[in-house]
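Written below as structure tokens is the structure these notes are about.
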Amino acid sequence: MRRILLKNIQQNMKLARAIYSEEGRVILNKGITLTQEYIKRLAALGISEIYIEDAISYDIEIHDIIHEQTRNEAKVIIKSIMENCRKGIMYNLDHVKNIVNNILDELLDNKDILINLSDIKTMDDYTFSHSVNVCVLSVITGINLGLNQLKIRDLGVGALLHDVGKTLIHPEILNKPSKLSEDEFEEIKKHTVLGYELLKKNIHISETSAYIALAHHERYNGSGYPSCIEGGRIHLFARIVAIADVYDALTSDRVYRKKICVHEVVEHIMALGKQHFDTDIIQSFILNIAIYPEGTGVLLSNGCRGLVVKVMRHFPTRPVVRILYDSSGNSIQEDEQINLTEVLNITIKNTCEI
Ligand SMILES: [Fe+2]
């Protein structure tokens, strides 16, 4: 299996992962042969990448860190909570707690898998998928930081609901495809306070969970919002969610910009490190990220291009690569693999389409 840009899809390629609607229903089933009609449908959904299975990737397995079913259930619940919040209807926090428990259990079971958030987001379900990813990334960071399970559950609930205040922001501003005016940005900023107030109405939510909604845009140097607080004065949970939020947003396609590759986003977060984030948390965060996930096309320093076949837990930048093209661009027929933990004079220069 490998991930491929929709624009490079050819008819008769085989879909390797099902595509789901925001309600968690299957739109296109795994294993179907893609026709021009299906490709058009995917484009209309705002999907720019899909997973396919072909001769060069048949043996590459890509594991999501949580089950598809858990991800879909979480998306459906966060969607219904956000709809209820918009209408002023109180939601049942037990559903959120159950989902966070499931996510935590699965992450504890999969401790050795590097995170490849391999979900395909449609334009409509971005907010819900993003909320689930921020929850997964925050919980795994909490595990790495050695937090106890009680704290991790509170962290997970707050992370899942961190953007709930956006339900009270006008969709026209929220979904504006171009640059926001100063006034519009001021409006968007209100989702933090509004979210906190919304969550505080539910007596079953802890103060620390609700606080995440309020403070996830605060920055370590005090340049964030809404309160411009800095450093350790920002609660640990909000410092964790701040990194998870930025990471998932930058690695996703948005209406106003294309997604950025994982290795560039990790660089970006590390570069912003001292100013925006808590550097100790960054270290715990990146420990689990698959910088070059399985199925990614890569350009090597010797000019060859290939597909990442296997990622090793403690060597995220040195995977095993199947070489498909030599440095002159000629296709290589034999199965040639380079294990970059053994061949030290070759590095990955960049990701590329195959
Ligand atoms: Fe936010």
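Every chain in the structure tokens has a letter given in the order shown (A, B, ...), and although residue numbers restart at 1 in each chain, ligands are simply numbered from 1 in the order shown.
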Excluding Glu184 of chain A and residues on its chain fewer than 2 positions from it, collect all residues at most 12 Å away from it, counting only C-alpha atoms, and give them as a ChimeraX atom specification. /A:169-176,178-182,186-191
Counting only C-alpha atoms, what is within 9 Å of segment 159-161 of chain A, bar same-chain residues fewer than 3 positions away, as a PyMOL selection string? chain A and resi 74+78+81-82+96+100+128+130-136+138-139+154-156+164-165+195+199+209-210+212-213+216+237-238+241+244-245
Listing only residues of segment 3-37 of chain A within 12 Å of segment 287-296 of chain A, what is the closest atom pair and its distance in Å (to one decimal) for each, using only C-alpha atoms, sorted by chain and residue number ascending, as CSV?
residue,atom,partner,partner_atom,distance
A:Arg3,CA,A:Gly295,CA,6.1
A:Ile4,CA,A:Thr296,CA,8.5
A:Leu5,CA,A:Thr296,CA,11.1
A:Ala16,CA,A:Gly295,CA,11.7
Can you list, as a count of residues only, all residues belonging to segment 252-337 of chain A that DSSP tags as strand (DSSP E or B)? 33
For atom CA of Lys310 of chain A and atom CA of Glu342 of chain A, quote the distance in Å rounded to one decimal.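 Separating atom CA of Lys310 of chain A from atom CA of Glu342 of chain A is a distance of 13.5 Å.
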For Lys258 of chain A: contacts at 12 Å, only C-alpha atoms, fewer than 5 positions along chain excluded, given as a PyMOL selection string: chain A and resi 5+46-49+177+249-253
Write the residues you've just listed into a file as a PDB file, in the first residue's frame, and include C-alpha atoms for each of them.
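Everything below was put into again09.pdb:
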ATOM      1  CA  LEU A   5      -1.700  12.329  -4.847  1.00  0.00           C
ATOM      2  CA  GLY A  46     -11.809  17.737  -1.358  1.00  0.00           C
ATOM      3  CA  ILE A  47      -9.587  14.664  -1.053  1.00  0.00           C
ATOM      4  CA  SER A  48      -6.128  15.228  -2.500  1.00  0.00           C
ATOM      5  CA  GLU A  49      -4.450  11.933  -1.555  1.00  0.00           C
ATOM      6  CA  PRO A 177     -10.336  30.539   1.929  1.00  0.00           C
ATOM      7  CA  ALA A 249      -3.010  21.464  11.098  1.00  0.00           C
ATOM      8  CA  LEU A 250       0.229  21.821   9.113  1.00  0.00           C
ATOM      9  CA  THR A 251       0.271  18.189   7.965  1.00  0.00           C
ATOM     10  CA  SER A 252      -3.306  18.526   6.642  1.00  0.00           C
ATOM     11  CA  ASP A 253      -4.674  20.106   3.485  1.00  0.00           C
TER      12      ASP A 253
END
Could you name the residues that touch Asn350 of chain A at 10 Å or less, counting only C-alpha atoms, but leaving out those on the same chain fewer than 5 positions away, as a list of chain:residue names?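 The contact residues come out as A:Cys261, A:His263, A:Glu264, A:Tyr292, A:Gly297, A:Val298, A:Leu299, A:Leu300, A:Ser301, A:Arg305.
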For the selection just defined, write its residues with C-alpha atoms to a file, as a PDB file, in the first residue's frame.
ATOM      1  CA  CYS A 261       5.441  17.052   4.643  1.00  0.00           C
ATOM      2  CA  HIS A 263       9.743  16.127   8.077  1.00  0.00           C
ATOM      3  CA  GLU A 264       9.273  19.818   7.248  1.00  0.00           C
ATOM      4  CA  TYR A 292       9.023   9.197   6.669  1.00  0.00           C
ATOM      5  CA  GLY A 297       8.159   8.228  -1.854  1.00  0.00           C
ATOM      6  CA  VAL A 298      11.673   9.492  -1.069  1.00  0.00           C
ATOM      7  CA  LEU A 299      14.591  10.980  -3.001  1.00  0.00           C
ATOM      8  CA  LEU A 300      17.953   9.787  -1.681  1.00  0.00           C
ATOM      9  CA  SER A 301      21.233  11.714  -1.574  1.00  0.00           C
ATOM     10  CA  ARG A 305      14.130   7.393  -5.763  1.00  0.00           C
TER      11      ARG A 305
END
Find the residues near segment 64-70 of chain A: any atom within 10 Å, counting only C-alpha atoms, skip ones fewer than 4 places away on the same chain, and give them as an NGL selection string. :A and (17-18 or 20 or 24 or 74-76 or 99-100 or 102-107 or 109-119 or 132-133 or 136)
Do a neighbour search on segment 268-277 of chain A at 8 Å with only C-alpha atoms, toss out local chain neighbours closer than 2 positions, and write the hits as a VMD selection string. chain A and resid 219 to 221 223 239 242 to 243 247 264 to 266 279 281 to 282
Restricting the output to N, CA and C atoms, write the selected residues as a CSV table (one decimal), in the first residue's frame.
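The file below, again_26.csv, is the result:
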chain,number,residue,atom,x,y,z
A,219,ARG,N,1.3,30.9,23.7
A,219,ARG,CA,2.6,30.5,23.2
A,219,ARG,C,3.6,30.8,24.3
A,220,TYR,N,4.6,29.9,24.3
A,220,TYR,CA,5.6,29.9,25.4
A,220,TYR,C,6.2,31.3,25.7
A,221,ASN,N,6.4,32.1,24.7
A,221,ASN,CA,7.0,33.4,24.9
A,221,ASN,C,6.0,34.5,25.1
A,223,SER,N,3.4,35.2,23.2
A,223,SER,CA,2.9,35.9,22.0
A,223,SER,C,1.5,35.3,21.5
A,239,ARG,N,0.0,23.3,26.9
A,239,ARG,CA,1.3,23.3,26.2
A,239,ARG,C,1.4,22.1,25.3
A,242,ALA,N,-1.1,22.5,22.3
A,242,ALA,CA,-0.6,23.5,21.4
A,242,ALA,C,0.3,22.9,20.3
A,243,ILE,N,1.2,22.0,20.7
A,243,ILE,CA,2.1,21.4,19.7
A,243,ILE,C,1.3,20.4,18.8
A,247,TYR,N,0.9,20.7,14.7
A,247,TYR,CA,1.4,19.6,13.9
A,247,TYR,C,0.3,19.1,13.0
A,264,GLU,N,9.2,18.3,7.2
A,264,GLU,CA,9.3,19.8,7.2
A,264,GLU,C,8.5,20.4,8.4
A,265,VAL,N,7.4,19.7,8.8
A,265,VAL,CA,6.6,20.2,9.9
A,265,VAL,C,7.4,20.0,11.2
A,266,VAL,N,8.0,18.9,11.3
A,266,VAL,CA,8.8,18.6,12.5
A,266,VAL,C,10.0,19.6,12.6
A,279,THR,N,10.1,23.2,25.0
A,279,THR,CA,11.1,22.3,24.3
A,279,THR,C,11.1,20.9,24.8
A,281,ILE,N,8.6,19.3,26.0
A,281,ILE,CA,7.4,18.6,25.4
A,281,ILE,C,7.6,18.2,23.9
A,282,ILE,N,8.3,19.1,23.2
A,282,ILE,CA,8.6,18.8,21.8
A,282,ILE,C,9.4,17.5,21.7
Of the candidates A:Glu267, A:Asp163, A:Asp280, A:Asp59, which one gets nearest to ligand 1 if we count only C-alpha atoms and all ligand atoms?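 The shortest atom-to-atom distance to ligand 1 comes from A:Asp163.
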Would you mind telling me which residue in A:Gln11, A:Ser80, A:Thr192, A:Ser57 lies nearest to Val321 of chain A when using only C-alpha atoms?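 Between A:Gln11, A:Ser80, A:Thr192, A:Ser57, the residue approaching Val321 of chain A most closely is A:Ser57.
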Within 10 Å of Gln10 of chain A, counting only C-alpha atoms, which residues qualify if same-chain residues fewer than 6 places away don't, as a ChimeraX atom specification? /A:34-36,39
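Going from atom CA of Leu214 of chain A over to atom CA of Asp248 of chain A, you cover 18.7 Å.
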For ligand 1, which residue among A:Leu108, A:Leu194, A:Ile9, A:Ala55 is the nearest when counting only C-alpha atoms and all ligand atoms?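 Selected residue with least distance to ligand 1: A:Leu194.
Pairwise distance (atom CA of Val246 of chain A, atom CA of Ala44 of chain A) equals 26.2 Å.
Between ligand 1 and the candidates A:Leu28, A:Ala215, A:Ile354, A:Ile205, the tightest atom-to-atom separation, counting only C-alpha atoms and all ligand atoms, involves A:Ala215.
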Using only C-alpha atoms for the distances, tell me which of A:Ile52, A:Ile323, A:Ile338, A:Ile62 is nearest to Thr33 of chain A.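 Among A:Ile52, A:Ile323, A:Ile338, A:Ile62, it is A:Ile52 that comes nearest to Thr33 of chain A.
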Residue list (helix (DSSP H, G or I), DSSP) for segment 142-354 of chain A, as a ChimeraX atom specification: /A:142-144,149-160,164-168,171-174,182-189,191-200,207-215,231-233,236-250,262-276,279-286
Write a file of the just-selected residues containing C-alpha atoms, as a compact mmCIF listing (two decimals), in the first residue's frame.
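The resulting file, again08.txt, is shown below:
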# COMPACT_ATOMS: atom_id res chain seq x y z
CA GLY A 142 1.17 12.45 27.86
CA ILE A 143 2.16 8.77 27.96
CA ASN A 144 5.75 9.68 26.99
CA GLN A 149 -3.79 7.58 33.48
CA LEU A 150 -6.20 9.86 35.34
CA LYS A 151 -4.34 12.91 34.05
CA ILE A 152 -4.03 11.46 30.56
CA ARG A 153 -7.82 10.94 30.42
CA ASP A 154 -8.41 14.58 31.38
CA LEU A 155 -5.85 15.63 28.80
CA GLY A 156 -7.55 13.48 26.13
CA VAL A 157 -11.04 14.86 26.85
CA GLY A 158 -9.81 18.45 26.65
CA ALA A 159 -7.78 17.74 23.51
CA LEU A 160 -10.77 16.17 21.76
CA VAL A 164 -15.49 23.32 20.46
CA GLY A 165 -15.74 27.14 20.68
CA LYS A 166 -15.50 27.29 16.89
CA THR A 167 -19.13 26.19 16.76
CA LEU A 168 -20.01 29.70 17.92
CA PRO A 171 -18.83 29.76 9.42
CA GLU A 172 -18.12 32.39 6.80
CA ILE A 173 -15.12 33.61 8.80
CA LEU A 174 -14.14 30.13 9.93
CA GLU A 182 -7.61 41.91 11.50
CA ASP A 183 -11.21 42.05 12.70
CA GLU A 184 -11.91 38.56 11.40
CA PHE A 185 -8.84 37.19 13.16
CA GLU A 186 -10.00 38.85 16.39
CA GLU A 187 -13.32 37.05 15.90
CA ILE A 188 -11.59 33.67 15.39
CA LYS A 189 -9.53 34.21 18.54
CA HIS A 191 -13.19 30.47 20.03
CA THR A 192 -10.84 29.93 22.97
CA VAL A 193 -12.89 31.83 25.57
CA LEU A 194 -16.19 30.69 24.04
CA GLY A 195 -15.03 27.07 24.10
CA TYR A 196 -13.97 27.32 27.73
CA GLU A 197 -17.31 28.85 28.71
CA LEU A 198 -19.20 26.16 26.77
CA LEU A 199 -17.28 23.37 28.46
CA LYS A 200 -17.62 24.90 31.92
CA GLU A 207 -11.33 22.38 35.09
CA THR A 208 -8.06 21.20 33.51
CA SER A 209 -9.86 19.67 30.51
CA ALA A 210 -11.88 22.84 29.95
CA TYR A 211 -8.77 24.99 30.36
CA ILE A 212 -7.27 23.37 27.25
CA ALA A 213 -9.94 25.04 25.12
CA LEU A 214 -9.01 28.39 26.69
CA ALA A 215 -5.23 28.17 26.45
CA GLY A 231 6.10 29.65 30.03
CA GLY A 232 5.12 27.40 32.89
CA ARG A 233 2.14 29.64 33.66
CA LEU A 236 1.01 21.57 30.93
CA PHE A 237 -2.06 20.16 29.12
CA ALA A 238 -2.46 23.32 27.02
CA ARG A 239 1.29 23.28 26.22
CA ILE A 240 0.93 19.71 24.96
CA VAL A 241 -2.21 20.38 22.89
CA ALA A 242 -0.61 23.52 21.37
CA ILE A 243 2.06 21.35 19.70
CA ALA A 244 -0.39 18.60 18.64
CA ASP A 245 -2.74 21.24 17.18
CA VAL A 246 -0.05 22.94 15.08
CA TYR A 247 1.41 19.61 13.94
CA ASP A 248 -1.89 18.18 12.71
CA ALA A 249 -3.01 21.46 11.10
CA LEU A 250 0.23 21.82 9.11
CA VAL A 262 5.96 15.55 8.09
CA HIS A 263 9.74 16.13 8.08
CA GLU A 264 9.27 19.82 7.25
CA VAL A 265 6.62 20.24 9.93
CA VAL A 266 8.84 18.60 12.54
CA GLU A 267 11.65 20.98 11.48
CA HIS A 268 9.24 23.91 11.71
CA ILE A 269 8.07 22.96 15.20
CA MET A 270 11.65 22.47 16.37
CA ALA A 271 12.64 25.82 14.87
CA LEU A 272 9.75 27.58 16.59
CA GLY A 273 10.60 25.56 19.67
CA LYS A 274 11.91 28.00 22.19
CA GLN A 275 9.61 30.84 21.21
CA HIS A 276 6.30 29.07 20.83
CA THR A 279 11.06 22.30 24.26
CA ASP A 280 10.84 19.37 26.72
CA ILE A 281 7.38 18.55 25.39
CA ILE A 282 8.62 18.83 21.79
CA GLN A 283 11.21 16.14 22.57
CA SER A 284 8.53 13.79 23.92
CA PHE A 285 6.24 14.65 21.03
CA ILE A 286 8.61 13.91 18.16
Could you check the closest approach to Ser129 of chain A for each of A:Ser21, A:Ser328, A:Thr141, A:Thr317 and tell me which residue wins, using only C-alpha atoms? A:Ser21
